Amino acid sequence: MLKSIATVCVSGTLDQKLAAIAGAGFRAVEIFEPDLIGYPGTPRDVARMMADLGLACVLYQPFRDFEGMPEPLRARAFDRAERKFDLMGELGTDRILVCSNCSPHALPDRGRIVADFAELGERAAKRGIVVGYEALAWGRHINDHRQVWDIVKAVDHPNIGILLDSFHSLSRAIPIESLADIDGGKIAFVQLADAPRLDMGLLYWSRHFRCLPGQGDMRIADYTAALLKAGYRGPLSLEIFNDRFRASSSSLVAHDAWRSLTATIEDARRINGEAPALPARAHIRGTEFIEFALSDEESERLVPMLRALGFRHTGRHRNKAVDRWQQGGVNLVLNREHHGFAHSYRLTHGASICALGLRVEDVTAVLDRAASLDIARFDQDPGPGNLAIPALRGVGGSLLYLVEDGGADAIWAQEFEPVEAPGPALLQGIDHIAASVDVDEYLSWQLFWTSLFEVEKQEELDILDPGGVVQSRAITAADGSFRVTINASGGRNTLSSRFVHHGFGAGFQHIAFSTADIFGAAGQLGREGLPVMEVPPNYYPDLAARFGLEEEALAALCGAGLLYDEDEAGHRYWQLYSRAFDKRFFFEIVQRQDYRGFGASNAPVRLAAQSRYRDPVLD
Ligand SMILES: O=C(O)c1ccc(O)c(O)c1
Ligand SMILES: [Mg+2]
């Protein structure tokens, strides 16, 4: 399938947009009229620019308020169309989008609309132009693709087809099955856009909140699959009106667009039972290790924190300044090297979580899928005697190492000499990892995880921080083997924004370890003297009121300094936070009993407490 994108999707001037689009691998583009009008070159100049970039112009759009007009507006509409046909000749495109009429003058006269398109078809045929008629969801009389299909059938002209835009169909909840009634040969063009489920007017929703397929809540792969099944073989083109995209990097959005469209086409092929072109999304079986980039001095200060949490120094790398700290199923790797990736990461961001090691069934398959999705591979000479672990570039330039089950055992055994034996495991595993990212990259990081791995997006939450609102979305494997939360905020002073700005970019801000005995863990931290985040006293009476807790249970929670939550089914969740290390990252300990969330109701309490630790001058 030819992949295309509308110039309206990305930021910049027309030349910048086209460069970003071509740079992301696209070979086809829709020219959105305002981008052309605002450009200081002729349509021929733009045609040359597209040719130089290897881009074919597959659509010119939009042409508005055409059909069903009374005279003299009708004659004016045909005159306007002729002028646009002239322009299309110069631009070198043979396809135009006519969107349904929104004018208050438009008449609900089907006969007239059919006649108008029949006439337009004749005029288009003389120029070798094909017209795609699109039902805008808010069109005055025509706002449903089923109406457009009815009209296109009645017009029955080879130069008049239907243009389908997933947003307009799905925002109105028009059944996808209705696409099966359309003759694929009469589909002039297809535009794809997703959107989050929002309760607002259709026009405002469409013009500000569209997003790339996979970033929202619409069934875009099913929609695409239905069109392919109907026999459509033309370009699949992204048309995203999104305020954030308009304000962020054109290159980032264009690359994400390529990734999104590639994944969507693959999903659609699979839905239709066609042979897959890419390996399937991989199930993340678990986190094999988490790597920290530290100076020697930072490492010395982190070590007591890890010891207090129950970790033991179980391995020392034989030829690198790298240590393994272990407990239960958790491996923490402390990298103090003075060259290489971790060192560079630390120089840029400060003490950091610089890499995750994920366990998957088939590393090669993940690498192949990643390559098709244009996710960058990372290779570094592991040095003599060390095993190379394949890696991908992930959030904020951190790395995602990929290992197969048992695949890391050889590395632990061969490259690390034993130091201490592991102690009793108070913490058993990694419950979740939390990333803080720039608000402009919030959707991008979601797409990264959901396009590559077999994970599900959870409902987005707005979390209140004393410095602003934080958007938070968890992305989880169905069996709980992997959970990551992505947090972003437009407010400059929220915890997540401060992390991103002070640390020069997105990254992992906290790790939540799982325990089966959170009261035991709290007791141990107390005995070890590890400072934990203080819970404000008002929290506990509120908890008691909300959940009807007995005095004794409440006293235990309060005594241990725990946060607590229950879901509607009564599943329970306990949380405990460490203080942050160098204001860069912190640890959480959680215990969950069939509870699937992340304690969202506790997050504002936690963020308020953390904001009290701010230095009023430095932070
Ligand atoms: O918002 C609009 O006006 C508009 C214009 C052209 C399109 O293809 C579309 O889907 C929406
Ligand atoms: Mg459209």
# chains A, B, ... in the order shown; residues from 1 in each chain; ligands from 1

call {"tool": "residues_near_ligand", "arguments": {"ligand": "ligand 1", "cutoff": "7 Å", "atoms": "only C-alpha atoms and all ligand atoms", "output": "JSON, numbers by chain"}}
result
{"A": [61, 62, 97, 99, 134, 136, 165, 168, 203, 206, 207, 239]}

call {"tool": "write_last_selection", "arguments": {"atoms": "C-alpha atoms", "output": "mmCIF file, in the first residue's frame"}}
result
data_model
loop_
_atom_site.group_PDB
_atom_site.id
_atom_site.type_symbol
_atom_site.label_atom_id
_atom_site.label_comp_id
_atom_site.auth_asym_id
_atom_site.auth_seq_id
_atom_site.Cartn_x
_atom_site.Cartn_y
_atom_site.Cartn_z
ATOM 1 C CA GLN A 61 -7.591 19.342 -0.477
ATOM 2 C CA PRO A 62 -10.041 20.594 0.637
ATOM 3 C CA LEU A 97 -11.118 16.197 -2.102
ATOM 4 C CA CYS A 99 -15.869 17.878 1.476
ATOM 5 C CA GLU A 134 -16.001 13.248 1.701
ATOM 6 C CA LEU A 136 -17.620 15.877 6.992
ATOM 7 C CA ASP A 165 -11.976 9.494 6.381
ATOM 8 C CA HIS A 168 -15.738 11.301 10.183
ATOM 9 C CA LEU A 203 -15.798 19.941 14.557
ATOM 10 C CA SER A 206 -11.695 16.858 14.738
ATOM 11 C CA ARG A 207 -9.728 20.064 14.331
ATOM 12 C CA GLU A 239 -4.833 13.414 7.989
#

call {"tool": "select_by_dssp", "arguments": {"residues": "segment 340-375 of chain A", "states": "strand (DSSP E or B)", "output": "list in words"}}
result
Ser352, Ile353, Cys354, Ala355, Leu356, Gly357, Leu358, Arg359 and Val360 of chain A

call {"tool": "write_last_selection", "arguments": {"atoms": "N, CA and C atoms", "output": "short mmCIF file (atom, residue, chain, number, x, y, z; two decimals), in the first residue's frame"}}
result
data_model
loop_
_atom_site.label_atom_id
_atom_site.label_comp_id
_atom_site.auth_asym_id
_atom_site.auth_seq_id
_atom_site.Cartn_x
_atom_site.Cartn_y
_atom_site.Cartn_z
N SER A 352 21.10 8.57 36.42
CA SER A 352 19.88 8.19 35.69
C SER A 352 19.68 6.69 35.62
N ILE A 353 18.44 6.35 35.34
CA ILE A 353 18.14 5.02 34.84
C ILE A 353 18.35 5.11 33.34
N CYS A 354 19.36 4.41 32.83
CA CYS A 354 19.72 4.63 31.43
C CYS A 354 19.31 3.49 30.52
N ALA A 355 18.91 2.36 31.10
CA ALA A 355 18.53 1.24 30.22
C ALA A 355 17.64 0.26 30.96
N LEU A 356 16.78 -0.40 30.20
CA LEU A 356 16.00 -1.53 30.70
C LEU A 356 16.42 -2.76 29.90
N GLY A 357 16.49 -3.88 30.56
CA GLY A 357 16.71 -5.13 29.85
C GLY A 357 15.41 -5.92 29.89
N LEU A 358 14.80 -6.14 28.72
CA LEU A 358 13.50 -6.81 28.68
C LEU A 358 13.66 -8.23 28.16
N ARG A 359 12.90 -9.14 28.76
CA ARG A 359 12.89 -10.53 28.30
C ARG A 359 11.77 -10.73 27.29
N VAL A 360 12.14 -11.27 26.13
CA VAL A 360 11.15 -11.58 25.09
C VAL A 360 11.42 -13.00 24.59
#

call {"tool": "residues_around", "arguments": {"residues": "segment 116-124 of chain A", "least_positions_apart": "2", "cutoff": "7 Å", "atoms": "only C-alpha atoms", "output": "list of chain:residue names"}}
result
A:Glu67, A:Gly68, A:Arg112, A:Ile113, A:Val114, A:Lys126, A:Arg127, A:Gly128, A:Ile129, A:Val130, A:Val155, A:His157, A:Asn159, A:Ile160

call {"tool": "residues_near_ligand", "arguments": {"ligand": "ligand 2", "cutoff": "12 Å", "atoms": "only C-alpha atoms and all ligand atoms", "output": "MDAnalysis selection string"}}
result
chainID A and resid 5:6 8:9 30 32 59:64 96:100 132:138 143 145 162:169 189:194 203 206:207 210 236:241

call {"tool": "write_last_selection", "arguments": {"atoms": "N, CA and C atoms", "output": "short mmCIF file (atom, residue, chain, number, x, y, z; two decimals), in the first residue's frame"}}
result
data_model
loop_
_atom_site.label_atom_id
_atom_site.label_comp_id
_atom_site.auth_asym_id
_atom_site.auth_seq_id
_atom_site.Cartn_x
_atom_site.Cartn_y
_atom_site.Cartn_z
N ILE A 5 0.64 11.12 3.62
CA ILE A 5 0.32 11.96 4.79
C ILE A 5 -0.02 13.37 4.30
N ALA A 6 -0.93 14.00 4.97
CA ALA A 6 -1.31 15.37 4.61
C ALA A 6 -0.34 16.36 5.25
N VAL A 8 -0.95 19.02 6.55
CA VAL A 8 -1.50 19.64 7.76
C VAL A 8 -1.06 18.93 9.04
N CYS A 9 -0.57 17.71 8.90
CA CYS A 9 -0.23 16.91 10.10
C CYS A 9 0.96 17.45 10.88
N GLU A 30 -0.44 14.56 0.67
CA GLU A 30 -1.62 15.37 0.34
C GLU A 30 -1.22 16.81 0.57
N PHE A 32 -2.40 20.26 1.64
CA PHE A 32 -3.52 20.92 2.31
C PHE A 32 -3.47 22.38 1.87
N LEU A 59 -3.07 14.01 -3.53
CA LEU A 59 -4.36 14.65 -3.27
C LEU A 59 -4.17 16.14 -3.03
N TYR A 60 -5.11 16.90 -3.56
CA TYR A 60 -5.18 18.33 -3.23
C TYR A 60 -6.47 18.52 -2.45
N GLN A 61 -6.39 19.23 -1.32
CA GLN A 61 -7.59 19.34 -0.48
C GLN A 61 -7.54 20.55 0.44
N PRO A 62 -8.68 21.01 0.97
CA PRO A 62 -10.04 20.59 0.64
C PRO A 62 -10.70 21.60 -0.29
N PHE A 63 -11.71 21.13 -1.01
CA PHE A 63 -12.56 22.03 -1.79
C PHE A 63 -13.91 22.05 -1.08
N ARG A 64 -14.29 23.24 -0.61
CA ARG A 64 -15.43 23.35 0.30
C ARG A 64 -16.69 23.90 -0.37
N ILE A 96 -8.70 15.40 -6.18
CA ILE A 96 -9.11 16.49 -5.30
C ILE A 96 -10.18 16.00 -4.34
N LEU A 97 -10.12 16.53 -3.12
CA LEU A 97 -11.12 16.20 -2.10
C LEU A 97 -12.17 17.30 -2.08
N VAL A 98 -13.41 16.90 -2.24
CA VAL A 98 -14.53 17.83 -2.05
C VAL A 98 -15.23 17.40 -0.77
N CYS A 99 -15.21 18.28 0.23
CA CYS A 99 -15.87 17.88 1.48
C CYS A 99 -17.29 18.41 1.50
N SER A 100 -18.13 17.74 2.25
CA SER A 100 -19.55 18.06 2.18
C SER A 100 -19.81 19.49 2.65
N GLY A 132 -12.88 13.12 -5.10
CA GLY A 132 -13.31 12.28 -3.97
C GLY A 132 -14.25 13.09 -3.09
N TYR A 133 -15.43 12.57 -2.88
CA TYR A 133 -16.45 13.29 -2.09
C TYR A 133 -16.41 12.74 -0.66
N GLU A 134 -16.16 13.64 0.29
CA GLU A 134 -16.00 13.25 1.70
C GLU A 134 -17.14 13.83 2.54
N ALA A 135 -17.73 12.99 3.36
CA ALA A 135 -18.76 13.47 4.28
C ALA A 135 -18.08 14.01 5.54
N LEU A 136 -18.08 15.33 5.71
CA LEU A 136 -17.62 15.88 6.99
C LEU A 136 -18.66 15.50 8.05
N ALA A 137 -18.19 15.12 9.20
CA ALA A 137 -19.12 14.66 10.25
C ALA A 137 -20.10 15.76 10.63
N TRP A 138 -19.72 17.01 10.38
CA TRP A 138 -20.58 18.15 10.73
C TRP A 138 -21.15 18.83 9.49
N ASN A 143 -23.45 14.21 6.05
CA ASN A 143 -22.47 14.08 7.14
C ASN A 143 -22.20 12.62 7.50
N HIS A 145 -20.90 8.80 5.62
CA HIS A 145 -20.37 8.22 4.37
C HIS A 145 -21.42 7.38 3.63
N ILE A 162 -15.99 8.11 -3.87
CA ILE A 162 -16.19 8.44 -2.45
C ILE A 162 -14.82 8.56 -1.80
N LEU A 163 -14.68 9.53 -0.90
CA LEU A 163 -13.46 9.65 -0.10
C LEU A 163 -13.83 9.32 1.34
N LEU A 164 -13.13 8.36 1.89
CA LEU A 164 -13.44 7.94 3.26
C LEU A 164 -12.38 8.44 4.23
N ASP A 165 -12.85 8.98 5.33
CA ASP A 165 -11.98 9.49 6.38
C ASP A 165 -12.45 8.84 7.68
N SER A 166 -11.56 8.06 8.28
CA SER A 166 -11.98 7.27 9.45
C SER A 166 -12.54 8.14 10.56
N PHE A 167 -12.00 9.34 10.72
CA PHE A 167 -12.51 10.17 11.81
C PHE A 167 -13.99 10.48 11.61
N HIS A 168 -14.34 10.90 10.42
CA HIS A 168 -15.74 11.30 10.18
C HIS A 168 -16.69 10.12 10.37
N SER A 169 -16.26 8.94 9.96
CA SER A 169 -17.13 7.77 10.11
C SER A 169 -17.22 7.35 11.58
N PHE A 189 -10.19 7.80 -2.48
CA PHE A 189 -9.06 8.07 -1.60
C PHE A 189 -9.47 7.69 -0.18
N VAL A 190 -8.46 7.39 0.66
CA VAL A 190 -8.75 7.05 2.06
C VAL A 190 -7.85 7.86 2.99
N GLN A 191 -8.46 8.50 3.94
CA GLN A 191 -7.72 9.23 4.98
C GLN A 191 -7.92 8.52 6.32
N LEU A 192 -6.84 8.38 7.05
CA LEU A 192 -6.93 7.71 8.36
C LEU A 192 -6.55 8.70 9.46
N ALA A 193 -7.34 8.70 10.49
CA ALA A 193 -7.03 9.48 11.69
C ALA A 193 -7.73 8.81 12.86
N ASP A 194 -7.08 8.83 13.99
CA ASP A 194 -7.63 8.31 15.23
C ASP A 194 -7.98 9.52 16.10
N LEU A 203 -16.76 19.10 15.28
CA LEU A 203 -15.80 19.94 14.56
C LEU A 203 -14.58 20.26 15.43
N SER A 206 -12.45 17.21 15.94
CA SER A 206 -11.69 16.86 14.74
C SER A 206 -10.53 17.80 14.48
N ARG A 207 -10.75 19.08 14.72
CA ARG A 207 -9.73 20.06 14.33
C ARG A 207 -8.60 20.18 15.35
N ARG A 210 -7.45 15.15 16.85
CA ARG A 210 -7.13 13.93 16.10
C ARG A 210 -5.72 13.47 16.50
N LEU A 236 -3.07 5.02 1.38
CA LEU A 236 -3.64 5.19 2.73
C LEU A 236 -2.93 6.41 3.30
N SER A 237 -3.72 7.43 3.61
CA SER A 237 -3.12 8.71 3.93
C SER A 237 -3.55 9.21 5.30
N LEU A 238 -2.61 9.71 6.04
CA LEU A 238 -2.91 10.22 7.37
C LEU A 238 -3.33 11.68 7.28
N GLU A 239 -4.40 12.02 7.96
CA GLU A 239 -4.83 13.41 7.99
C GLU A 239 -5.16 13.75 9.44
N ILE A 240 -4.17 14.34 10.12
CA ILE A 240 -4.29 14.56 11.56
C ILE A 240 -4.25 16.06 11.85
N PHE A 241 -5.34 16.54 12.38
CA PHE A 241 -5.36 17.92 12.87
C PHE A 241 -5.14 17.83 14.38
#

call {"tool": "residues_around", "arguments": {"residues": "Arg140 of chain A", "least_positions_apart": "3", "cutoff": "8 Å", "atoms": "only C-alpha atoms", "output": "compact mmCIF listing (two decimals) with C-alpha atoms, in the first residue's frame"}}
result
# COMPACT_ATOMS: atom_id res chain seq x y z
CA SER A 100 -19.55 18.06 2.18
CA ASN A 101 -21.11 21.47 2.23
CA CYS A 102 -21.27 23.36 5.55
CA SER A 103 -22.70 26.57 4.16
CA PRO A 104 -26.01 27.85 5.51
CA ALA A 106 -26.59 24.62 1.04
CA ASN A 143 -22.47 14.08 7.14

call {"tool": "closest_atom_pairs", "arguments": {"of": "segment 386-436 of chain A", "to": "segment 275-289 of chain A", "cutoff": "10 Å", "atoms": "only C-alpha atoms", "output": "JSON lines"}}
result
{"residue": "A:Tyr401", "atom": "CA", "partner": "A:Phe289", "partner_atom": "CA", "distance": 8.9}
{"residue": "A:Leu402", "atom": "CA", "partner": "A:Glu288", "partner_atom": "CA", "distance": 8.9}
{"residue": "A:Val403", "atom": "CA", "partner": "A:Glu288", "partner_atom": "CA", "distance": 7.8}
{"residue": "A:Glu404", "atom": "CA", "partner": "A:Arg285", "partner_atom": "CA", "distance": 9.0}
{"residue": "A:Asp405", "atom": "CA", "partner": "A:Arg285", "partner_atom": "CA", "distance": 8.2}
{"residue": "A:Gly406", "atom": "CA", "partner": "A:Glu288", "partner_atom": "CA", "distance": 9.4}
{"residue": "A:Gly407", "atom": "CA", "partner": "A:Glu288", "partner_atom": "CA", "distance": 9.6}
{"residue": "A:Ala408", "atom": "CA", "partner": "A:Glu288", "partner_atom": "CA", "distance": 7.6}
{"residue": "A:Asp409", "atom": "CA", "partner": "A:Glu288", "partner_atom": "CA", "distance": 9.9}
{"residue": "A:Gly429", "atom": "CA", "partner": "A:Thr287", "partner_atom": "CA", "distance": 8.6}
{"residue": "A:Ile430", "atom": "CA", "partner": "A:Thr287", "partner_atom": "CA", "distance": 7.2}
{"residue": "A:Asp431", "atom": "CA", "partner": "A:Thr287", "partner_atom": "CA", "distance": 9.6}
{"residue": "A:His432", "atom": "CA", "partner": "A:Thr287", "partner_atom": "CA", "distance": 9.6}
{"residue": "A:Ile433", "atom": "CA", "partner": "A:Thr287", "partner_atom": "CA", "distance": 10.0}

call {"tool": "write_last_selection", "arguments": {"atoms": "N, CA and C atoms", "output": "mmCIF file, in the first residue's frame"}}
result
data_model
loop_
_atom_site.group_PDB
_atom_site.id
_atom_site.type_symbol
_atom_site.label_atom_id
_atom_site.label_comp_id
_atom_site.auth_asym_id
_atom_site.auth_seq_id
_atom_site.Cartn_x
_atom_site.Cartn_y
_atom_site.Cartn_z
ATOM 1 N N TYR A 401 17.471 -3.062 26.174
ATOM 2 C CA TYR A 401 18.187 -4.282 25.809
ATOM 3 C C TYR A 401 17.169 -5.410 25.694
ATOM 4 N N LEU A 402 17.440 -6.337 24.805
ATOM 5 C CA LEU A 402 16.511 -7.452 24.593
ATOM 6 C C LEU A 402 17.233 -8.760 24.858
ATOM 7 N N VAL A 403 16.646 -9.548 25.739
ATOM 8 C CA VAL A 403 17.231 -10.864 26.019
ATOM 9 C C VAL A 403 16.116 -11.911 25.975
ATOM 10 N N GLU A 404 16.517 -13.136 25.640
ATOM 11 C CA GLU A 404 15.542 -14.220 25.665
ATOM 12 C C GLU A 404 15.560 -14.867 27.037
ATOM 13 N N ASP A 405 14.549 -15.654 27.314
ATOM 14 C CA ASP A 405 14.498 -16.344 28.613
ATOM 15 C C ASP A 405 15.804 -17.086 28.851
ATOM 16 N N GLY A 406 16.426 -16.827 29.965
ATOM 17 C CA GLY A 406 17.681 -17.508 30.277
ATOM 18 C C GLY A 406 18.863 -16.920 29.534
ATOM 19 N N GLY A 407 18.592 -16.032 28.590
ATOM 20 C CA GLY A 407 19.661 -15.485 27.745
ATOM 21 C C GLY A 407 20.647 -14.630 28.513
ATOM 22 N N ALA A 408 20.185 -14.063 29.636
ATOM 23 C CA ALA A 408 21.096 -13.221 30.410
ATOM 24 C C ALA A 408 21.966 -14.063 31.350
ATOM 25 N N ASP A 409 21.564 -15.307 31.552
ATOM 26 C CA ASP A 409 22.306 -16.139 32.513
ATOM 27 C C ASP A 409 23.783 -16.224 32.131
ATOM 28 N N GLY A 429 9.867 -8.437 42.697
ATOM 29 C CA GLY A 429 9.981 -8.145 41.267
ATOM 30 C C GLY A 429 9.779 -6.671 40.989
ATOM 31 N N ILE A 430 9.653 -6.373 39.694
ATOM 32 C CA ILE A 430 9.390 -4.991 39.288
ATOM 33 C C ILE A 430 7.912 -4.897 38.950
ATOM 34 N N ASP A 431 7.205 -4.075 39.685
ATOM 35 C CA ASP A 431 5.770 -3.926 39.432
ATOM 36 C C ASP A 431 5.540 -3.007 38.235
ATOM 37 N N HIS A 432 6.178 -1.852 38.258
ATOM 38 C CA HIS A 432 6.070 -0.961 37.107
ATOM 39 C C HIS A 432 7.213 0.039 37.091
ATOM 40 N N ILE A 433 7.352 0.677 35.949
ATOM 41 C CA ILE A 433 8.385 1.682 35.744
ATOM 42 C C ILE A 433 7.667 2.927 35.247
#

call {"tool": "select_by_dssp", "arguments": {"residues": "segment 288-345 of chain A", "states": "helix (DSSP H, G or I)", "output": "list in words"}}
result
Asp296, Glu297, Glu298, Ser299, Glu300, Arg301, Leu302, Val303, Pro304, Met305, Leu306, Arg307, Ala308, Phe341, Ala342, His343, Ser344 and Tyr345 of chain A

call {"tool": "write_last_selection", "arguments": {"atoms": "N, CA and C atoms", "output": "PDB file, in the first residue's frame"}}
result
ATOM      1  N   ASP A 296      31.261   7.481  40.171  1.00  0.00           N
ATOM      2  CA  ASP A 296      31.694   6.670  41.321  1.00  0.00           C
ATOM      3  C   ASP A 296      31.072   7.205  42.608  1.00  0.00           C
ATOM      4  N   GLU A 297      31.070   8.519  42.700  1.00  0.00           N
ATOM      5  CA  GLU A 297      30.566   9.152  43.936  1.00  0.00           C
ATOM      6  C   GLU A 297      29.060   8.932  44.081  1.00  0.00           C
ATOM      7  N   GLU A 298      28.333   9.046  42.985  1.00  0.00           N
ATOM      8  CA  GLU A 298      26.886   8.806  43.034  1.00  0.00           C
ATOM      9  C   GLU A 298      26.601   7.356  43.397  1.00  0.00           C
ATOM     10  N   SER A 299      27.390   6.477  42.836  1.00  0.00           N
ATOM     11  CA  SER A 299      27.203   5.051  43.128  1.00  0.00           C
ATOM     12  C   SER A 299      27.396   4.800  44.619  1.00  0.00           C
ATOM     13  N   GLU A 300      28.425   5.417  45.187  1.00  0.00           N
ATOM     14  CA  GLU A 300      28.674   5.235  46.627  1.00  0.00           C
ATOM     15  C   GLU A 300      27.497   5.696  47.469  1.00  0.00           C
ATOM     16  N   ARG A 301      26.838   6.747  47.022  1.00  0.00           N
ATOM     17  CA  ARG A 301      25.684   7.252  47.789  1.00  0.00           C
ATOM     18  C   ARG A 301      24.416   6.450  47.524  1.00  0.00           C
ATOM     19  N   LEU A 302      24.332   5.846  46.337  1.00  0.00           N
ATOM     20  CA  LEU A 302      23.127   5.055  46.041  1.00  0.00           C
ATOM     21  C   LEU A 302      23.166   3.707  46.759  1.00  0.00           C
ATOM     22  N   VAL A 303      24.355   3.184  46.921  1.00  0.00           N
ATOM     23  CA  VAL A 303      24.491   1.842  47.493  1.00  0.00           C
ATOM     24  C   VAL A 303      23.788   1.672  48.848  1.00  0.00           C
ATOM     25  N   PRO A 304      23.930   2.602  49.808  1.00  0.00           N
ATOM     26  CA  PRO A 304      23.226   2.416  51.082  1.00  0.00           C
ATOM     27  C   PRO A 304      21.708   2.372  50.902  1.00  0.00           C
ATOM     28  N   MET A 305      21.222   3.112  49.917  1.00  0.00           N
ATOM     29  CA  MET A 305      19.789   3.103  49.634  1.00  0.00           C
ATOM     30  C   MET A 305      19.377   1.711  49.144  1.00  0.00           C
ATOM     31  N   LEU A 306      20.174   1.157  48.265  1.00  0.00           N
ATOM     32  CA  LEU A 306      19.850  -0.172  47.735  1.00  0.00           C
ATOM     33  C   LEU A 306      19.935  -1.229  48.829  1.00  0.00           C
ATOM     34  N   ARG A 307      20.951  -1.082  49.677  1.00  0.00           N
ATOM     35  CA  ARG A 307      21.100  -2.043  50.786  1.00  0.00           C
ATOM     36  C   ARG A 307      19.896  -1.982  51.717  1.00  0.00           C
ATOM     37  N   ALA A 308      19.484  -0.775  52.022  1.00  0.00           N
ATOM     38  CA  ALA A 308      18.326  -0.618  52.911  1.00  0.00           C
ATOM     39  C   ALA A 308      17.081  -1.238  52.286  1.00  0.00           C
ATOM     40  N   PHE A 341      28.117   4.185  26.369  1.00  0.00           N
ATOM     41  CA  PHE A 341      26.769   4.737  26.360  1.00  0.00           C
ATOM     42  C   PHE A 341      26.342   5.300  27.718  1.00  0.00           C
ATOM     43  N   ALA A 342      26.488   4.489  28.782  1.00  0.00           N
ATOM     44  CA  ALA A 342      25.981   4.923  30.091  1.00  0.00           C
ATOM     45  C   ALA A 342      26.676   6.209  30.530  1.00  0.00           C
ATOM     46  N   HIS A 343      27.975   6.274  30.257  1.00  0.00           N
ATOM     47  CA  HIS A 343      28.738   7.470  30.620  1.00  0.00           C
ATOM     48  C   HIS A 343      28.188   8.700  29.889  1.00  0.00           C
ATOM     49  N   SER A 344      27.976   8.551  28.583  1.00  0.00           N
ATOM     50  CA  SER A 344      27.434   9.690  27.817  1.00  0.00           C
ATOM     51  C   SER A 344      26.058  10.078  28.341  1.00  0.00           C
ATOM     52  N   TYR A 345      25.270   9.071  28.677  1.00  0.00           N
ATOM     53  CA  TYR A 345      23.912   9.339  29.164  1.00  0.00           C
ATOM     54  C   TYR A 345      23.979  10.147  30.457  1.00  0.00           C
TER      55      TYR A 345
END

call {"tool": "residues_around", "arguments": {"residues": "segment 263-271 of chain A", "least_positions_apart": "4", "cutoff": "12 Å", "atoms": "only C-alpha atoms", "output": "JSON, numbers by chain"}}
result
{"A": [1, 2, 3, 192, 193, 194, 212, 213, 214, 215, 218, 219, 220, 221, 222, 223, 224, 225, 226, 227, 228, 229, 233, 235, 236, 237, 238, 256, 257, 258, 259, 275, 276, 277, 278, 279, 280, 281, 369, 370, 371, 372, 373, 374, 447, 448, 449, 450, 451, 452, 453]}

call {"tool": "atom_distance", "arguments": {"atom1": "atom CA of Ile511 of chain A", "atom2": "atom CA of Pro466 of chain A"}}
result
22.0 Å

call {"tool": "atom_distance", "arguments": {"atom1": "atom CA of Glu361 of chain A", "atom2": "atom CA of Ser260 of chain A"}}
result
23.6 Å

call {"tool": "atom_distance", "arguments": {"atom1": "atom CA of Ile486 of chain A", "atom2": "atom CA of Ser436 of chain A"}}
result
6.0 Å

call {"tool": "residues_around", "arguments": {"residues": "His339 of chain A", "least_positions_apart": "5", "cutoff": "12 Å", "atoms": "only C-alpha atoms", "output": "ChimeraX atom specification"}}
result
/A:293-295,320-322,344-347,380-383

call {"tool": "write_last_selection", "arguments": {"atoms": "N, CA and C atoms", "output": "CSV table (one decimal), in the first residue's frame"}}
result
chain,number,residue,atom,x,y,z
A,293,ALA,N,23.1,4.8,35.2
A,293,ALA,CA,24.3,5.5,34.8
A,293,ALA,C,24.7,6.4,36.0
A,294,LEU,N,25.9,6.2,36.6
A,294,LEU,CA,26.3,6.9,37.8
A,294,LEU,C,27.8,7.2,37.8
A,295,SER,N,28.2,8.3,38.5
A,295,SER,CA,29.6,8.5,38.7
A,295,SER,C,30.0,7.6,39.9
A,320,LYS,N,34.8,-4.3,33.7
A,320,LYS,CA,34.2,-3.0,33.6
A,320,LYS,C,33.8,-2.5,35.0
A,321,ALA,N,33.6,-1.2,35.1
A,321,ALA,CA,33.2,-0.6,36.4
A,321,ALA,C,31.7,-0.7,36.5
A,322,VAL,N,31.2,-2.0,36.6
A,322,VAL,CA,29.8,-2.3,36.6
A,322,VAL,C,29.5,-3.3,37.7
A,344,SER,N,28.0,8.6,28.6
A,344,SER,CA,27.4,9.7,27.8
A,344,SER,C,26.1,10.1,28.3
A,345,TYR,N,25.3,9.1,28.7
A,345,TYR,CA,23.9,9.3,29.2
A,345,TYR,C,24.0,10.1,30.5
A,346,ARG,N,24.9,9.7,31.3
A,346,ARG,CA,25.0,10.4,32.6
A,346,ARG,C,25.5,11.9,32.4
A,347,LEU,N,26.5,12.1,31.5
A,347,LEU,CA,27.0,13.4,31.2
A,347,LEU,C,25.8,14.3,30.8
A,380,GLN,N,26.9,-1.2,20.4
A,380,GLN,CA,28.1,-0.7,21.0
A,380,GLN,C,29.1,-1.9,21.2
A,381,ASP,N,30.3,-1.6,20.8
A,381,ASP,CA,31.3,-2.7,21.0
A,381,ASP,C,31.3,-3.1,22.5
A,382,PRO,N,31.0,-4.3,22.8
A,382,PRO,CA,30.9,-4.7,24.2
A,382,PRO,C,32.3,-4.9,24.9
A,383,GLY,N,33.3,-4.8,24.1
A,383,GLY,CA,34.7,-5.0,24.6
A,383,GLY,C,35.0,-6.4,24.6

call {"tool": "closest_residue", "arguments": {"among": "A:Val500, A:Ala51, A:Ala20, A:Cys57", "to": "Gly396 of chain A", "atoms": "only C-alpha atoms"}}
result
A:Val500
